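See below for start10.cif, which holds mmCIF, C-alpha atoms.
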```cif
data_coords
loop_
_atom_site.group_PDB
_atom_site.id
_atom_site.type_symbol
_atom_site.label_atom_id
_atom_site.label_comp_id
_atom_site.auth_asym_id
_atom_site.auth_seq_id
_atom_site.Cartn_x
_atom_site.Cartn_y
_atom_site.Cartn_z
ATOM 1 C CA ASP A 68 111.029 -48.387 75.439
ATOM 2 C CA THR A 69 108.754 -49.324 72.560
ATOM 3 C CA ALA A 70 109.618 -52.789 71.226
ATOM 4 C CA VAL A 71 108.321 -52.335 67.669
ATOM 5 C CA SER A 72 107.703 -48.801 66.468
ATOM 6 C CA GLN A 73 106.237 -47.486 63.235
ATOM 7 C CA THR A 74 106.051 -44.050 61.703
ATOM 8 C CA PRO A 75 103.845 -42.390 60.817
ATOM 9 C CA LYS A 76 100.816 -43.495 62.814
ATOM 10 C CA TYR A 77 98.424 -41.881 60.345
ATOM 11 C CA LEU A 78 98.992 -41.187 56.680
ATOM 12 C CA VAL A 79 96.467 -39.413 54.471
ATOM 13 C CA THR A 80 97.408 -38.907 50.855
ATOM 14 C CA GLN A 81 96.084 -38.537 47.353
ATOM 15 C CA MET A 82 95.846 -41.261 44.725
ATOM 16 C CA GLY A 83 98.963 -41.545 42.631
ATOM 17 C CA ASN A 84 101.346 -40.341 45.336
ATOM 18 C CA ASP A 85 104.340 -42.300 46.629
ATOM 19 C CA LYS A 86 104.718 -42.824 50.385
ATOM 20 C CA SER A 87 106.873 -44.731 52.846
ATOM 21 C CA ILE A 88 106.229 -46.285 56.227
ATOM 22 C CA LYS A 89 109.128 -46.970 58.571
ATOM 23 C CA CYS A 90 109.479 -49.731 61.139
ATOM 24 C CA GLU A 91 112.100 -50.336 63.801
ATOM 25 C CA GLN A 92 112.408 -53.036 66.441
ATOM 26 C CA ASN A 93 114.728 -53.007 69.457
ATOM 27 C CA LEU A 94 114.125 -56.618 70.484
ATOM 28 C CA GLY A 95 117.170 -58.003 68.711
ATOM 29 C CA HIS A 96 114.967 -60.177 66.503
ATOM 30 C CA ASP A 97 116.203 -61.463 63.172
ATOM 31 C CA THR A 98 112.843 -61.616 61.395
ATOM 32 C CA MET A 99 110.488 -58.787 60.514
ATOM 33 C CA TYR A 100 107.161 -58.709 58.709
ATOM 34 C CA TRP A 101 104.688 -56.402 57.049
ATOM 35 C CA TYR A 102 100.971 -57.131 57.333
ATOM 36 C CA LYS A 103 97.952 -55.410 55.835
ATOM 37 C CA GLN A 104 94.687 -55.311 57.785
ATOM 38 C CA ASP A 105 91.679 -54.309 55.750
ATOM 39 C CA SER A 106 88.386 -52.807 56.902
ATOM 40 C CA LYS A 107 87.039 -56.286 57.697
ATOM 41 C CA LYS A 108 89.927 -56.823 60.120
ATOM 42 C CA PHE A 109 91.542 -59.522 57.956
ATOM 43 C CA LEU A 110 95.268 -59.538 58.723
ATOM 44 C CA LYS A 111 97.291 -60.703 55.717
ATOM 45 C CA ILE A 112 101.037 -61.092 55.491
ATOM 46 C CA MET A 113 102.752 -59.132 52.737
ATOM 47 C CA PHE A 114 106.482 -59.615 53.277
ATOM 48 C CA SER A 115 108.900 -61.268 55.640
ATOM 49 C CA TYR A 116 112.592 -60.522 56.030
ATOM 50 C CA ASN A 117 115.153 -62.558 57.930
ATOM 51 C CA ASN A 118 118.406 -60.796 58.723
ATOM 52 C CA LYS A 119 117.870 -58.313 55.898
ATOM 53 C CA GLU A 120 116.959 -60.975 53.330
ATOM 54 C CA LEU A 121 113.520 -61.386 51.809
ATOM 55 C CA ILE A 122 112.035 -64.799 52.703
ATOM 56 C CA ILE A 123 108.336 -64.310 52.066
ATOM 57 C CA ASN A 124 106.855 -62.223 49.303
ATOM 58 C CA GLU A 125 103.152 -62.782 49.072
ATOM 59 C CA THR A 126 101.194 -61.793 46.014
ATOM 60 C CA VAL A 127 101.153 -58.050 46.390
ATOM 61 C CA PRO A 128 101.393 -55.470 43.605
ATOM 62 C CA ASN A 129 104.953 -54.567 42.725
ATOM 63 C CA ARG A 130 104.062 -50.997 43.683
ATOM 64 C CA PHE A 131 104.904 -52.199 47.194
ATOM 65 C CA SER A 132 108.618 -52.494 47.843
ATOM 66 C CA PRO A 133 110.096 -53.407 51.216
ATOM 67 C CA LYS A 134 113.599 -52.388 52.163
ATOM 68 C CA SER A 135 115.654 -53.610 55.091
ATOM 69 C CA PRO A 136 118.776 -51.509 55.681
ATOM 70 C CA ASP A 137 119.639 -53.636 58.714
ATOM 71 C CA LYS A 138 117.934 -56.341 60.711
ATOM 72 C CA ALA A 139 116.365 -53.829 63.098
ATOM 73 C CA HIS A 140 114.597 -51.892 60.350
ATOM 74 C CA LEU A 141 112.079 -52.822 57.689
ATOM 75 C CA ASN A 142 110.554 -50.031 55.664
ATOM 76 C CA LEU A 143 107.691 -50.204 53.190
ATOM 77 C CA HIS A 144 107.569 -47.962 50.152
ATOM 78 C CA ILE A 145 104.390 -47.709 48.117
ATOM 79 C CA ASN A 146 104.328 -46.187 44.642
ATOM 80 C CA SER A 147 101.320 -44.817 42.777
ATOM 81 C CA LEU A 148 98.909 -45.223 45.666
ATOM 82 C CA GLU A 149 95.414 -46.478 44.885
ATOM 83 C CA LEU A 150 92.129 -46.247 46.789
ATOM 84 C CA GLY A 151 92.325 -49.970 47.583
ATOM 85 C CA ASP A 152 95.584 -49.471 49.429
ATOM 86 C CA SER A 153 93.678 -47.814 52.265
ATOM 87 C CA ALA A 154 94.159 -50.064 55.287
ATOM 88 C CA VAL A 155 96.115 -50.394 58.502
ATOM 89 C CA TYR A 156 99.652 -51.654 57.935
ATOM 90 C CA PHE A 157 101.340 -53.479 60.790
ATOM 91 C CA CYS A 158 104.994 -54.242 61.169
ATOM 92 C CA ALA A 159 105.951 -57.208 63.341
ATOM 93 C CA SER A 160 109.068 -59.020 64.443
ATOM 94 C CA SER A 161 109.932 -62.433 65.827
ATOM 95 C CA GLN A 162 113.016 -64.310 66.946
ATOM 96 C CA ASP A 163 112.195 -67.477 65.035
ATOM 97 C CA PRO A 164 112.516 -67.192 61.233
ATOM 98 C CA ALA A 165 110.444 -70.351 60.869
ATOM 99 C CA GLY A 166 107.481 -68.500 62.328
ATOM 100 C CA ARG A 167 106.983 -70.871 65.234
ATOM 101 C CA GLY A 168 107.184 -68.255 67.914
ATOM 102 C CA GLU A 169 105.410 -65.145 69.023
ATOM 103 C CA GLN A 170 105.281 -62.176 66.724
ATOM 104 C CA PHE A 171 105.394 -58.733 68.294
ATOM 105 C CA PHE A 172 103.387 -56.103 66.462
ATOM 106 C CA GLY A 173 103.960 -52.415 66.056
ATOM 107 C CA PRO A 174 101.145 -49.918 66.694
ATOM 108 C CA GLY A 175 100.105 -49.825 63.039
ATOM 109 C CA THR A 176 99.965 -47.144 60.373
ATOM 110 C CA ARG A 177 96.512 -46.169 59.187
ATOM 111 C CA LEU A 178 96.812 -45.265 55.509
ATOM 112 C CA THR A 179 93.954 -43.402 53.853
ATOM 113 C CA VAL A 180 94.106 -42.800 50.119
ATOM 114 C CA LEU A 181 91.734 -40.125 48.827
ATOM 115 C CA GLN B 243 89.057 -72.665 51.225
ATOM 116 C CA LYS B 244 90.679 -70.209 53.594
ATOM 117 C CA GLU B 245 93.724 -71.382 55.484
ATOM 118 C CA VAL B 246 92.238 -70.367 58.838
ATOM 119 C CA GLU B 247 88.542 -69.925 59.532
ATOM 120 C CA GLN B 248 86.787 -68.393 62.493
ATOM 121 C CA ASN B 249 83.213 -67.378 63.185
ATOM 122 C CA SER B 250 83.232 -63.600 62.882
ATOM 123 C CA GLY B 251 80.610 -63.185 65.572
ATOM 124 C CA PRO B 252 79.794 -60.984 67.233
ATOM 125 C CA LEU B 253 79.790 -63.192 70.284
ATOM 126 C CA SER B 254 78.178 -61.758 73.397
ATOM 127 C CA VAL B 255 78.471 -63.285 76.852
ATOM 128 C CA PRO B 256 77.485 -61.956 80.264
ATOM 129 C CA GLU B 257 80.177 -61.002 82.736
ATOM 130 C CA GLY B 258 81.410 -64.046 84.634
ATOM 131 C CA ALA B 259 80.421 -66.533 81.931
ATOM 132 C CA ILE B 260 82.697 -68.704 79.801
ATOM 133 C CA ALA B 261 83.429 -67.428 76.299
ATOM 134 C CA SER B 262 84.276 -70.081 73.716
ATOM 135 C CA LEU B 263 86.087 -69.139 70.530
ATOM 136 C CA ASN B 264 86.725 -71.606 67.739
ATOM 137 C CA CYS B 265 89.104 -71.884 64.814
ATOM 138 C CA THR B 266 89.689 -74.447 62.075
ATOM 139 C CA TYR B 267 92.657 -74.657 59.739
ATOM 140 C CA SER B 268 93.331 -76.348 56.425
ATOM 141 C CA ASP B 269 97.067 -77.148 56.500
ATOM 142 C CA ARG B 270 97.306 -80.617 58.009
ATOM 143 C CA VAL B 271 101.017 -80.251 58.849
ATOM 144 C CA SER B 272 100.619 -77.007 60.771
ATOM 145 C CA GLN B 273 102.800 -77.024 63.850
ATOM 146 C CA SER B 274 102.185 -73.841 65.792
ATOM 147 C CA PHE B 275 98.936 -72.228 66.873
ATOM 148 C CA PHE B 276 98.343 -68.863 68.450
ATOM 149 C CA TRP B 277 95.558 -66.720 69.813
ATOM 150 C CA TYR B 278 95.956 -62.969 69.582
ATOM 151 C CA ARG B 279 93.707 -60.328 71.107
ATOM 152 C CA GLN B 280 93.136 -57.046 69.311
ATOM 153 C CA TYR B 281 91.377 -54.119 70.922
ATOM 154 C CA SER B 282 89.738 -51.635 68.589
ATOM 155 C CA GLY B 283 92.336 -49.342 67.055
ATOM 156 C CA LYS B 284 95.219 -51.266 68.606
ATOM 157 C CA SER B 285 97.691 -53.878 67.427
ATOM 158 C CA PRO B 286 97.336 -57.627 68.000
ATOM 159 C CA GLU B 287 98.905 -58.990 71.179
ATOM 160 C CA LEU B 288 99.622 -62.640 71.903
ATOM 161 C CA ILE B 289 97.590 -64.244 74.682
ATOM 162 C CA MET B 290 98.188 -67.974 74.101
ATOM 163 C CA SER B 291 100.338 -70.299 72.050
ATOM 164 C CA ILE B 292 99.903 -74.068 71.766
ATOM 165 C CA TYR B 293 101.975 -76.633 69.913
ATOM 166 C CA SER B 294 100.727 -80.092 70.933
ATOM 167 C CA ASN B 295 97.363 -81.776 71.219
ATOM 168 C CA GLY B 296 95.386 -81.200 74.386
ATOM 169 C CA ASP B 297 94.736 -78.291 76.682
ATOM 170 C CA LYS B 298 96.994 -75.490 77.809
ATOM 171 C CA GLU B 299 95.889 -73.236 80.632
ATOM 172 C CA ASP B 300 97.134 -69.766 81.527
ATOM 173 C CA GLY B 301 95.106 -67.974 84.152
ATOM 174 C CA ARG B 302 91.550 -67.529 82.894
ATOM 175 C CA PHE B 303 92.522 -68.664 79.386
ATOM 176 C CA THR B 304 92.593 -72.238 78.089
ATOM 177 C CA ALA B 305 93.678 -73.151 74.578
ATOM 178 C CA GLN B 306 92.619 -76.522 73.181
ATOM 179 C CA LEU B 307 94.211 -78.183 70.168
ATOM 180 C CA ASN B 308 93.001 -81.179 68.194
ATOM 181 C CA LYS B 309 95.283 -81.772 65.218
ATOM 182 C CA ALA B 310 93.278 -84.738 63.936
ATOM 183 C CA SER B 311 90.227 -82.505 63.580
ATOM 184 C CA GLN B 312 92.335 -79.481 62.593
ATOM 185 C CA TYR B 313 90.664 -77.470 65.294
ATOM 186 C CA VAL B 314 91.898 -75.047 67.929
ATOM 187 C CA SER B 315 89.795 -73.218 70.477
ATOM 188 C CA LEU B 316 90.130 -70.641 73.215
ATOM 189 C CA LEU B 317 88.082 -70.633 76.386
ATOM 190 C CA ILE B 318 87.911 -67.540 78.557
ATOM 191 C CA ARG B 319 86.613 -68.262 82.041
ATOM 192 C CA ASP B 320 85.038 -65.635 84.294
ATOM 193 C CA SER B 321 84.764 -63.251 81.355
ATOM 194 C CA GLN B 322 85.319 -59.596 82.154
ATOM 195 C CA PRO B 323 84.241 -56.484 80.229
ATOM 196 C CA SER B 324 87.943 -55.851 79.614
ATOM 197 C CA ASP B 325 88.001 -59.073 77.560
ATOM 198 C CA SER B 326 85.794 -57.375 74.944
ATOM 199 C CA ALA B 327 87.959 -57.383 71.819
ATOM 200 C CA THR B 328 88.528 -59.216 68.563
ATOM 201 C CA TYR B 329 90.317 -62.546 68.948
ATOM 202 C CA LEU B 330 92.512 -63.669 66.080
ATOM 203 C CA CYS B 331 93.547 -67.251 65.527
ATOM 204 C CA ALA B 332 96.921 -67.702 63.794
ATOM 205 C CA VAL B 333 98.430 -70.860 62.386
ATOM 206 C CA ASN B 334 101.905 -71.625 61.098
ATOM 207 C CA GLY B 335 103.006 -74.667 59.162
ATOM 208 C CA ARG B 336 105.780 -75.976 56.962
ATOM 209 C CA ASN B 337 103.562 -76.185 53.924
ATOM 210 C CA THR B 338 102.799 -72.500 54.234
ATOM 211 C CA GLY B 339 106.424 -71.494 53.895
ATOM 212 C CA ASN B 340 106.734 -70.950 57.616
ATOM 213 C CA GLN B 341 104.467 -67.962 57.591
ATOM 214 C CA PHE B 342 101.517 -67.109 59.757
ATOM 215 C CA TYR B 343 97.998 -67.253 58.469
ATOM 216 C CA PHE B 344 95.457 -65.342 60.510
ATOM 217 C CA GLY B 345 91.752 -65.939 60.700
ATOM 218 C CA THR B 346 89.367 -63.048 60.231
ATOM 219 C CA GLY B 347 88.817 -62.826 63.968
ATOM 220 C CA THR B 348 85.875 -63.231 66.324
ATOM 221 C CA SER B 349 84.471 -60.131 67.957
ATOM 222 C CA LEU B 350 83.675 -60.745 71.640
ATOM 223 C CA THR B 351 81.571 -58.480 73.816
ATOM 224 C CA VAL B 352 81.293 -59.153 77.537
ATOM 225 C CA ILE B 353 78.161 -57.555 78.922
ATOM 226 C CA PRO B 354 78.423 -56.183 82.493
#
```

Go ahead and express the file in the form of structure tokens.
Amino acid sequence: DTAVSQTPKYLVTQMGNDKSIKCEQNLGHDTMYWYKQDSKKFLKIMFSYNNKELIINETVPNRFSPKSPDKAHLNLHINSLELGDSAVYFCASSQDPAGRGEQFFGPGTRLTVL
Amino acid sequence: QKEVEQNSGPLSVPEGAIASLNCTYSDRVSQSFFWYRQYSGKSPELIMSIYSNGDKEDGRFTAQLNKASQYVSLLIRDSQPSDSATYLCAVNGRNTGNQFYFGTGTSLTVIP
């Protein structure tokens, strides 16, 4: 069974559209994250949720809105997509909300905005 | 100043040699340090974690931490072509709101 799964794996869309990426983990972890990895491979945290509550909200445009319906799911909705949003988005989870332990990453969603 | 800095490489070593990867960090109260490996087109996977000064060995991998110098390194002994990947250093600390900061990664190529 996949520990952290994301859908879709690839997403190609036009500027101005709204899209969502879904993430689910079956590890029983309390904490989930969204990261953005740009073309230079820099992996930057966007959001962190602990037991459905937002605990980290880095400086990202408010066009990005995470939603956690339960602690096993953390979805990312993006409004009014821009060219600069093109990147690989990784979901991750960990047991330790203080971030001291291993984070398990999903396979990534490659978003291309045309 | 970036929170975590790594030489981007690329670093090339012959098969069987020792590969040395380095990382420095800016948050003096950082507590947890990790090395992740990322193959092209794949997600990062943890290979080592280290929390206290000194060396930690796991198979062919050795992580070294020096908190006074704010420096963490990864040594890969008997490098194999399958070790060719990007290695990401990650650091967590109380001053960073308990979040991970990743370095930009070092690309390693092991030449058969």

- Item | Residues returned when the PyMOL selection byres ((chain B) within 6 of (chain A)) runs on this file, as a PyMOL selection string | chain B and resi 274+285+340-341+346

- Would you kindly translate the PyMOL selection byres ((chain A and resi 140) around 10) into the concrete residues it picks from this file, as an NGL selection string? :A and (71-73 or 89-93 or 98-99 or 116 or 118-119 or 134-139 or 141-142 or 158 or 160)

Evaluate the PyMOL selection byres ((chain A and resi 181) around 10) against this structure - the residues, as a tab-separated table (two decimals) with C-alpha atoms, in the frame of the given file, please.
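Saved to expr-v2.tsv:
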```tsv
chain	number	residue	atom	x	y	z
A	79	VAL	CA	96.47	-39.41	54.47
A	80	THR	CA	97.41	-38.91	50.86
A	81	GLN	CA	96.08	-38.54	47.35
A	82	MET	CA	95.85	-41.26	44.72
A	83	GLY	CA	98.96	-41.54	42.63
A	148	LEU	CA	98.91	-45.22	45.67
A	149	GLU	CA	95.41	-46.48	44.88
A	150	LEU	CA	92.13	-46.25	46.79
A	151	GLY	CA	92.32	-49.97	47.58
A	153	SER	CA	93.68	-47.81	52.26
A	178	LEU	CA	96.81	-45.26	55.51
A	179	THR	CA	93.95	-43.40	53.85
A	180	VAL	CA	94.11	-42.80	50.12
```

- Item | Atomic distance CA of Glu247 (chain B) - CA of Arg279 (chain B), expressed in Å with one decimal | 15.9 Å

- Query: At most 12 Å from (85.0, -71.1, 71.9), file frame, only C-alpha atoms: which residues, as JSON, numbers by chain?
  - Reply: {"B": [248, 249, 250, 251, 253, 254, 255, 259, 260, 261, 262, 263, 264, 265, 266, 277, 303, 304, 305, 306, 307, 313, 314, 315, 316, 317, 318, 319, 329, 331, 348, 349, 350]}

- Item | Gap from CA of Ala310 (chain B) to CA of Phe342 (chain B) - Å, one decimal | 19.9 Å

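Using all atoms listed in the file, the nearest neighbour of Asp97 (chain A) within the list A:Asn129, A:Thr74, A:Ser147, A:Asn117 is A:Asn117.
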
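We find CA of Gln273 (chain B) and CA of Gly347 (chain B) to be spaced 19.9 Å apart.
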